[in-house]
$ cat query-v3.cif   # mmCIF, C-alpha atoms
data_structure
#
loop_
_atom_site.label_atom_id
_atom_site.label_comp_id
_atom_site.auth_asym_id
_atom_site.auth_seq_id
_atom_site.Cartn_x
_atom_site.Cartn_y
_atom_site.Cartn_z
CA MET A 108 -68.76 183.71 -165.32
CA ILE A 109 -67.98 183.58 -161.64
CA PRO A 110 -64.70 185.47 -161.07
CA ASN A 111 -63.21 182.74 -158.88
CA PHE A 112 -62.86 180.44 -161.89
CA THR A 113 -61.01 180.94 -165.12
CA THR A 114 -62.67 179.89 -168.39
CA ASN A 115 -60.07 177.14 -168.63
CA ASP A 116 -61.20 175.87 -165.21
CA ALA A 117 -64.78 175.76 -166.49
CA LEU A 118 -63.67 173.99 -169.67
CA GLN A 119 -61.81 171.32 -167.71
CA TYR A 120 -64.91 170.87 -165.56
CA ILE A 121 -67.15 170.47 -168.63
CA TYR A 122 -64.78 167.85 -170.03
CA GLN A 123 -64.48 166.15 -166.65
CA GLU A 124 -60.77 166.82 -166.43
CA ALA A 125 -60.87 169.19 -163.46
CA SER A 126 -59.40 168.13 -160.13
CA SER A 127 -61.93 166.75 -157.66
CA GLN A 128 -61.56 169.88 -155.53
CA LEU A 129 -62.27 172.19 -158.49
CA THR A 130 -65.16 169.97 -159.59
CA VAL A 131 -66.82 170.32 -156.20
CA GLN A 132 -66.24 174.10 -156.13
CA ILE A 133 -67.75 174.58 -159.59
CA HIS A 134 -70.62 172.26 -158.77
CA ILE A 135 -71.47 174.36 -155.71
CA ALA A 136 -71.07 177.61 -157.67
CA ARG A 137 -73.42 176.51 -160.47
CA ASN A 138 -76.08 175.63 -157.92
CA ARG A 139 -75.85 179.13 -156.48
CA ASP A 140 -75.59 181.15 -159.66
CA ASP A 141 -78.20 180.68 -162.41
CA SER A 142 -76.35 182.58 -165.11
CA PHE A 143 -73.16 180.61 -164.46
CA ASN A 144 -75.18 177.41 -164.54
CA GLU A 145 -76.82 178.42 -167.85
CA ALA A 146 -73.46 179.22 -169.41
CA LEU A 147 -72.12 175.82 -168.37
CA LEU A 148 -75.25 174.03 -169.60
CA GLU A 149 -74.92 175.65 -173.01
CA PHE A 150 -71.39 174.35 -173.40
CA GLU A 151 -72.28 170.95 -171.95
CA LEU A 152 -75.01 170.62 -174.56
CA LEU A 153 -72.58 171.55 -177.31
CA ARG A 154 -70.13 169.00 -175.97
CA LEU A 155 -72.85 166.36 -176.10
CA LYS A 156 -73.72 167.26 -179.69
CA LEU A 157 -70.06 166.96 -180.65
CA ASP A 158 -69.74 163.60 -178.92
CA GLN A 159 -72.77 162.30 -180.80
CA LEU A 160 -71.46 163.26 -184.21
CA ARG A 161 -70.64 160.08 -186.09
CA LEU A 162 -69.95 159.95 -189.79
CA THR A 163 -70.13 156.65 -191.60
CA PRO A 164 -67.84 155.60 -194.43
CA ASN A 165 -69.09 154.03 -197.65
CA ASN A 166 -69.67 150.26 -197.55
CA LEU A 167 -67.42 149.86 -200.55
CA SER A 168 -64.45 151.13 -198.53
CA ILE A 169 -65.21 148.61 -195.80
CA GLU A 170 -65.51 145.77 -198.33
CA LYS A 171 -62.16 146.75 -199.88
CA ILE A 172 -60.47 146.69 -196.46
CA LEU A 173 -61.96 143.30 -195.62
CA ALA A 174 -60.95 141.92 -199.03
CA TYR A 175 -57.40 143.18 -198.47
CA SER A 176 -57.30 141.51 -195.08
CA ARG A 177 -58.48 138.18 -196.50
CA LYS A 178 -55.74 138.27 -199.14
CA GLN A 179 -52.92 139.13 -196.73
CA LYS A 180 -51.13 136.18 -195.19
CA PHE A 181 -49.84 136.14 -191.64
CA GLU A 182 -46.08 136.09 -191.37
CA SER A 183 -44.94 133.26 -189.15
CA ALA A 184 -42.64 134.24 -186.32
CA MET B 130 -68.89 135.16 -181.09
CA LYS B 131 -70.83 138.22 -179.93
CA ASN B 132 -69.54 141.64 -180.87
CA VAL B 133 -70.64 143.36 -177.67
CA GLU B 134 -68.99 140.80 -175.42
CA MET B 135 -65.61 140.77 -177.08
CA SER B 136 -63.01 143.37 -176.16
CA ASP B 137 -60.73 144.73 -178.85
CA SER B 138 -57.90 142.65 -177.40
CA HIS B 139 -59.94 139.47 -177.68
CA LEU B 140 -60.92 140.24 -181.24
CA LEU B 141 -57.29 140.93 -182.09
CA SER B 142 -56.15 137.65 -180.58
CA HIS B 143 -58.79 135.80 -182.65
CA TYR B 144 -57.69 137.72 -185.72
CA ALA B 145 -54.09 136.79 -185.04
CA LYS B 146 -55.21 133.14 -185.23
CA GLY B 147 -56.68 133.74 -188.68
CA ASP B 148 -60.27 134.59 -187.76
CA GLU B 149 -61.24 137.16 -190.38
CA GLN B 150 -64.67 137.56 -188.79
CA ALA B 151 -62.98 138.98 -185.70
CA PHE B 152 -61.32 141.64 -187.82
CA SER B 153 -64.64 142.43 -189.48
CA MET B 154 -66.15 143.05 -186.04
CA LEU B 155 -63.23 145.24 -185.04
CA LEU B 156 -63.49 147.24 -188.24
CA ASN B 157 -67.24 147.72 -187.91
CA ARG B 158 -66.86 148.72 -184.28
CA HIS B 159 -64.40 151.51 -184.99
CA LYS B 160 -64.89 152.54 -188.63
CA ASP B 161 -67.17 155.51 -187.85
CA LYS B 162 -64.88 156.99 -185.26
CA VAL B 163 -61.81 156.60 -187.48
CA TYR B 164 -63.66 157.97 -190.50
CA THR B 165 -65.06 160.94 -188.54
CA THR B 166 -61.57 161.83 -187.31
CA ILE B 167 -60.16 161.70 -190.83
CA TYR B 168 -63.05 163.53 -192.46
CA LEU B 169 -62.97 166.43 -190.00
CA ILE B 170 -59.28 166.95 -190.74
CA VAL B 171 -59.26 166.62 -194.53
CA LYS B 172 -62.80 167.96 -195.04
CA ASP B 173 -63.40 165.86 -198.16
CA SER B 174 -65.42 162.65 -198.13
CA TYR B 175 -63.68 161.00 -201.10
CA LEU B 176 -60.25 161.71 -199.67
CA ALA B 177 -61.41 160.55 -196.23
CA GLU B 178 -62.59 157.23 -197.73
CA ASP B 179 -59.17 156.72 -199.37
CA ILE B 180 -57.29 157.54 -196.18
CA LEU B 181 -59.57 155.25 -194.16
CA GLN B 182 -58.59 152.37 -196.43
CA GLU B 183 -54.89 153.26 -196.16
CA VAL B 184 -55.13 153.41 -192.38
CA PHE B 185 -56.68 149.96 -192.05
CA ILE B 186 -54.38 148.50 -194.69
CA LYS B 187 -51.43 149.76 -192.65
CA ALA B 188 -52.99 148.26 -189.51
CA ILE B 189 -53.61 144.90 -191.22
CA THR B 190 -50.04 144.83 -192.51
CA MET B 191 -48.63 145.56 -189.08
CA ILE B 192 -50.85 143.03 -187.32
CA LYS B 193 -50.28 140.25 -189.85
CA SER B 194 -46.52 140.81 -189.88
CA GLY B 195 -46.44 140.57 -186.09
CA ARG B 196 -45.30 144.19 -185.65
CA TYR B 197 -48.36 145.28 -183.68
CA ASN B 198 -47.98 145.37 -179.93
CA ASP B 199 -51.52 145.51 -178.57
CA GLU B 200 -51.36 146.42 -174.87
CA GLY B 201 -55.16 146.73 -175.00
CA LYS B 202 -55.15 150.03 -176.82
CA PHE B 203 -56.23 149.31 -180.37
CA LEU B 204 -58.48 152.36 -180.80
CA PRO B 205 -55.97 155.02 -179.69
CA TRP B 206 -53.38 153.29 -181.88
CA ILE B 207 -55.50 153.26 -185.03
CA LEU B 208 -56.75 156.79 -184.36
CA ARG B 209 -53.15 157.96 -184.11
CA ILE B 210 -52.37 156.40 -187.49
CA ALA B 211 -55.53 157.99 -188.93
CA HIS B 212 -54.68 161.39 -187.50
CA ASN B 213 -51.10 161.31 -188.81
CA MET B 214 -52.14 160.22 -192.29
CA ALA B 215 -54.94 162.80 -192.43
CA ILE B 216 -52.63 165.58 -191.25
CA ASP B 217 -49.98 164.56 -193.84
CA GLN B 218 -52.61 164.71 -196.56
CA PHE B 219 -53.99 167.98 -195.24
CA ARG B 220 -50.51 169.55 -195.32
CA LYS B 221 -49.94 168.29 -198.88
CA THR B 222 -53.23 169.84 -199.95
CA LYS B 223 -52.29 173.10 -198.26
CA ARG B 224 -49.03 173.18 -200.21
CA SER B 225 -50.88 172.87 -203.51
CA PRO B 226 -51.30 176.15 -205.37
CA LEU B 227 -54.60 177.81 -204.60
CA ILE B 228 -56.98 179.12 -207.21
CA VAL B 229 -57.83 182.56 -205.96
CA THR B 230 -60.93 184.50 -206.92
CA GLU B 231 -61.09 188.23 -207.66
CA ASP B 232 -61.83 189.10 -204.04
CA GLY B 233 -58.76 187.12 -202.96
CA SER B 234 -60.59 184.16 -201.47
CA ASN B 235 -59.69 180.57 -202.24
CA ILE B 236 -62.03 179.22 -204.90
CA PHE B 237 -62.40 175.94 -203.01
CA ASN B 238 -63.75 177.79 -200.00
CA THR B 239 -66.25 179.49 -202.27
CA LEU B 240 -67.30 176.16 -203.72
CA ALA B 241 -67.65 174.68 -200.28
CA PHE B 242 -69.74 177.65 -199.25
CA SER B 243 -71.97 177.34 -202.31
CA GLU B 244 -72.46 173.69 -201.51
CA THR B 245 -73.35 174.68 -197.97
CA SER B 246 -75.85 177.23 -199.14
CA VAL B 247 -77.74 174.97 -201.51
CA GLU B 248 -77.53 171.55 -199.93
CA GLU B 249 -76.96 172.13 -196.27
CA ILE B 250 -79.74 174.66 -195.96
CA GLN B 251 -82.20 172.03 -197.10
CA ILE B 252 -81.21 169.84 -194.18
CA LYS B 253 -80.87 172.64 -191.66
CA GLN B 254 -82.87 170.66 -189.12
CA ASP B 255 -80.23 168.02 -189.04
CA THR B 256 -77.87 168.99 -186.23
CA HIS B 257 -75.20 166.58 -187.36
CA GLU B 258 -75.07 168.07 -190.80
CA LEU B 259 -74.88 171.58 -189.37
CA LEU B 260 -72.23 170.53 -186.91
CA LYS B 261 -70.19 168.92 -189.68
CA VAL B 262 -70.35 172.11 -191.72
CA HIS B 263 -69.50 174.34 -188.78
CA ILE B 264 -66.55 172.20 -187.71
CA LYS B 265 -65.19 172.32 -191.26
CA GLU B 266 -65.27 176.13 -191.10
CA LEU B 267 -63.24 176.34 -187.87
CA PRO B 268 -59.61 177.55 -188.03
CA ASP B 269 -57.21 174.60 -188.40
CA LEU B 270 -55.71 174.76 -184.90
CA GLN B 271 -59.11 174.89 -183.23
CA ARG B 272 -60.43 172.06 -185.39
CA GLU B 273 -57.36 169.95 -184.58
CA VAL B 274 -57.88 170.23 -180.81
CA LEU B 275 -61.61 169.55 -181.17
CA VAL B 276 -60.99 166.41 -183.22
CA MET B 277 -58.34 165.15 -180.81
CA ARG B 278 -60.54 165.74 -177.76
CA HIS B 279 -63.87 164.50 -179.08
CA TYR B 280 -63.00 161.81 -181.61
CA MET B 281 -59.55 160.64 -180.57
CA GLN B 282 -60.48 160.71 -176.89
CA MET B 283 -57.28 162.48 -175.90
CA SER B 284 -57.12 164.53 -172.72
CA PHE B 285 -56.12 168.19 -172.92
CA GLN B 286 -52.78 167.27 -171.36
CA GLU B 287 -52.19 164.65 -174.07
CA ILE B 288 -53.23 167.14 -176.76
CA ALA B 289 -50.82 169.71 -175.35
CA VAL B 290 -47.96 167.21 -175.57
CA ALA B 291 -48.95 166.00 -179.05
CA THR B 292 -49.22 169.51 -180.45
CA ASP B 293 -46.23 170.86 -178.52
CA VAL B 294 -48.10 173.64 -176.72
CA SER B 295 -48.99 174.36 -173.10
CA ILE B 296 -52.19 172.91 -171.67
CA ASN B 297 -53.55 176.46 -171.39
CA THR B 298 -53.02 176.97 -175.11
CA ALA B 299 -54.77 173.67 -175.89
CA LEU B 300 -57.66 174.66 -173.60
CA GLY B 301 -57.76 178.12 -175.16
CA ARG B 302 -58.03 176.66 -178.66
CA MET B 303 -60.84 174.39 -177.53
CA ARG B 304 -62.58 177.30 -175.87
CA TYR B 305 -62.46 179.36 -179.07
CA ALA B 306 -63.65 176.36 -181.07
CA LEU B 307 -66.70 175.99 -178.81
CA ILE B 308 -67.37 179.73 -178.81
CA ASN B 309 -67.17 179.79 -182.62
CA LEU B 310 -69.46 176.78 -182.95
CA ARG B 311 -71.97 178.32 -180.59
CA LYS B 312 -71.85 181.56 -182.57
CA LYS B 313 -72.37 179.70 -185.85
CA PHE B 314 -75.33 177.81 -184.44
CA LYS B 315 -76.85 181.05 -183.19
CA GLN B 316 -76.34 182.75 -186.55
CA LYS B 317 -77.99 179.81 -188.29
CA THR B 318 -80.87 179.83 -185.83
CA ASN B 319 -81.35 183.58 -186.19
CA ALA B 320 -81.27 183.28 -189.97
CA TYR B 321 -84.34 181.04 -189.83
CA ASP B 322 -86.09 182.66 -186.91
CA PRO B 323 -89.73 182.64 -188.04
CA LYS B 324 -90.35 185.80 -186.02
CA LEU B 325 -88.20 187.66 -188.52
CA TYR B 326 -90.37 186.60 -191.42
CA ASN B 327 -93.77 186.86 -189.82
CA LYS B 328 -93.65 190.60 -189.32
#
$ encode --input "query-v3.cif" --output "structure tokens"
Amino acid sequence: MIPNFTTNDALQYIYQEASSQLTVQIHIARNRDDSFNEALLEFELLRLKLDQLRLTPNNLSIEKILAYSRKQKFESA
Amino acid sequence: MKNVEMSDSHLLSHYAKGDEQAFSMLLNRHKDKVYTTIYLIVKDSYLAEDILQEVFIKAITMIKSGRYNDEGKFLPWILRIAHNMAIDQFRKTKRSPLIVTEDGSNIFNTLAFSETSVEEIQIKQDTHELLKVHIKELPDLQREVLVMRHYMQMSFQEIAVATDVSINTALGRMRYALINLRKKFKQKTNAYDPKLYNK
């Protein structure tokens, strides 16, 4: 890790929550330092994997919800 | 009516006029995200299914009684309900007496681990399955931040406010969650490194 940045700085950069100034600084630093770049890439990949995780509920649950909705009447204002 | 072209707000306004198909689209659009959020908190698929139904029943009740104020933010709203219900359930479960084994570990952890060993190993190639298992093993506070950031789409600042900690603490928890996940993936990879078995 490049000493100029804290790990929290790097984390905010990975999650695109860093300030534009910090983003530029880290972007320049990763282009200059291979090991820093590799460390960031590893966490960016993990972030991507986490973002792609989608679990699907059982169809029966969905049918029950839809059936409930059909039975419920709207309350008039 | 095309699902991809309709915003949540449009679907809700159709639903408010009695169009059940609009609600079906809304449900199908967001069910996975809501279910994933719940499941990763309660760590039990049956319980997660029950809570998912409760969440949407609460949403339906609020919308049909005119108590829902949209403001174009249906997903954050329903995810907040899901998160609160899942956390309530998680706390109730934690208050239940634990069955402790001779070595002092919770028997349910042992069962979960056994399940992991037998079933999850068979599908070790499946990253999602591995990820699901590894997330379930994270300490509660780390898992909470991870779920809020990745599945509830909250910023670290919003997470800090919601969990009543500083942003540095929220970031720190996320950092440890990622480090732990990376470690678990590496352990898993090393465990099946063919080089180890070809000697």
$ resolve_selection --input "query-v3.cif" --expression "the PyMOL selection byres ((chain B and resi 144) around 12)" --output "list in words"
Ser176, Arg177, Lys180 and Phe181 of chain A; Asp137, Ser138, His139, Leu140, Leu141, Ser142, His143, Ala145, Lys146, Gly147, Asp148, Glu149, Gln150, Ala151, Phe152, Ser153, Met154, Leu155, Leu156, Ile189, Ile192, Lys193 and Gly195 of chain B
$ closest_residue --input "query-v3.cif" --among "A:Ala174, A:Ile169, A:Leu162, A:Leu157" --to "Arg272 in chain B" --atoms "all atoms listed in the file"
A:Leu157
$ closest_atom_pairs --input "query-v3.cif" --of "chain B" --to "chain A" --cutoff "9 Å" --atoms "only C-alpha atoms" --output "tab-separated table"
residue	atom	partner	partner_atom	distance
B:Ala145	CA	A:Phe181	CA	7.9
B:Lys146	CA	A:Phe181	CA	8.9
B:Gly147	CA	A:Phe181	CA	7.8
B:Glu149	CA	A:Arg177	CA	6.8
B:Phe152	CA	A:Leu173	CA	8.0
B:Ser153	CA	A:Leu173	CA	6.8
B:Leu156	CA	A:Ile169	CA	7.9
B:Asn157	CA	A:Ile169	CA	8.2
B:Lys160	CA	A:Pro164	CA	7.2
B:Asp161	CA	A:Thr163	CA	4.9
B:Lys162	CA	A:Arg161	CA	6.6
B:Tyr164	CA	A:Pro164	CA	6.2
B:Thr165	CA	A:Leu162	CA	5.1
B:Thr166	CA	A:Leu162	CA	8.9
B:Tyr168	CA	A:Leu162	CA	8.2
B:Ser174	CA	A:Pro164	CA	8.3
B:Ala177	CA	A:Pro164	CA	8.3
B:Glu178	CA	A:Pro164	CA	6.4
B:Asp179	CA	A:Ser168	CA	7.7
B:Leu181	CA	A:Ser168	CA	7.7
B:Gln182	CA	A:Ile172	CA	6.0
B:Glu183	CA	A:Ile172	CA	8.6
B:Phe185	CA	A:Ile172	CA	6.7
B:Ile186	CA	A:Ile172	CA	6.6
B:Ile189	CA	A:Ser176	CA	6.3
B:Thr190	CA	A:Gln179	CA	7.7
B:Ile192	CA	A:Phe181	CA	8.2
B:Lys193	CA	A:Phe181	CA	4.5
B:Ser194	CA	A:Glu182	CA	5.0
B:Gly195	CA	A:Glu182	CA	6.9
B:Thr256	CA	A:Lys156	CA	7.9
B:His257	CA	A:Leu160	CA	5.9
B:Glu258	CA	A:Leu160	CA	8.9
B:Leu260	CA	A:Leu157	CA	7.5
B:Lys261	CA	A:Leu160	CA	8.0
B:Leu275	CA	A:Leu157	CA	8.9
B:His279	CA	A:Asp158	CA	5.9
B:Tyr280	CA	A:Asp158	CA	7.5
B:Ser284	CA	A:Glu124	CA	7.6
B:Phe285	CA	A:Glu124	CA	8.1
B:Asn297	CA	A:Asn115	CA	7.1
B:Leu300	CA	A:Asn115	CA	6.1
B:Gly301	CA	A:Asn115	CA	7.0
B:Met303	CA	A:Leu118	CA	8.4
B:Arg304	CA	A:Leu118	CA	7.1
B:Leu307	CA	A:Phe150	CA	7.3
B:Ile308	CA	A:Phe150	CA	8.6
B:Leu310	CA	A:Leu153	CA	8.3
B:Arg311	CA	A:Leu153	CA	7.5
$ atom_distance --input "query-v3.cif" --atom1 "CA of Ile167 in chain B" --atom2 "CA of Lys313 in chain B"
22.3 Å
$ resolve_selection --input "query-v3.cif" --expression "the PyMOL selection byres ((chain B and resi 170) around 12)" --output "number ranges by chain"
B: 163-169, 171-174, 176-177, 180, 211-220, 222-223, 261, 264-277, 280-281
$ closest_residue --input "query-v3.cif" --among "A:Tyr120, A:Phe112, A:Lys178, A:Gln132" --to "Leu147 in chain A" --atoms "only C-alpha atoms"
A:Tyr120
$ atom_distance --input "query-v3.cif" --atom1 "CA of Arg209 in chain B" --atom2 "CA of Ala299 in chain B"
17.8 Å
$ atom_distance --input "query-v3.cif" --atom1 "CA of Asn111 in chain A" --atom2 "CA of Met283 in chain B"
27.1 Å
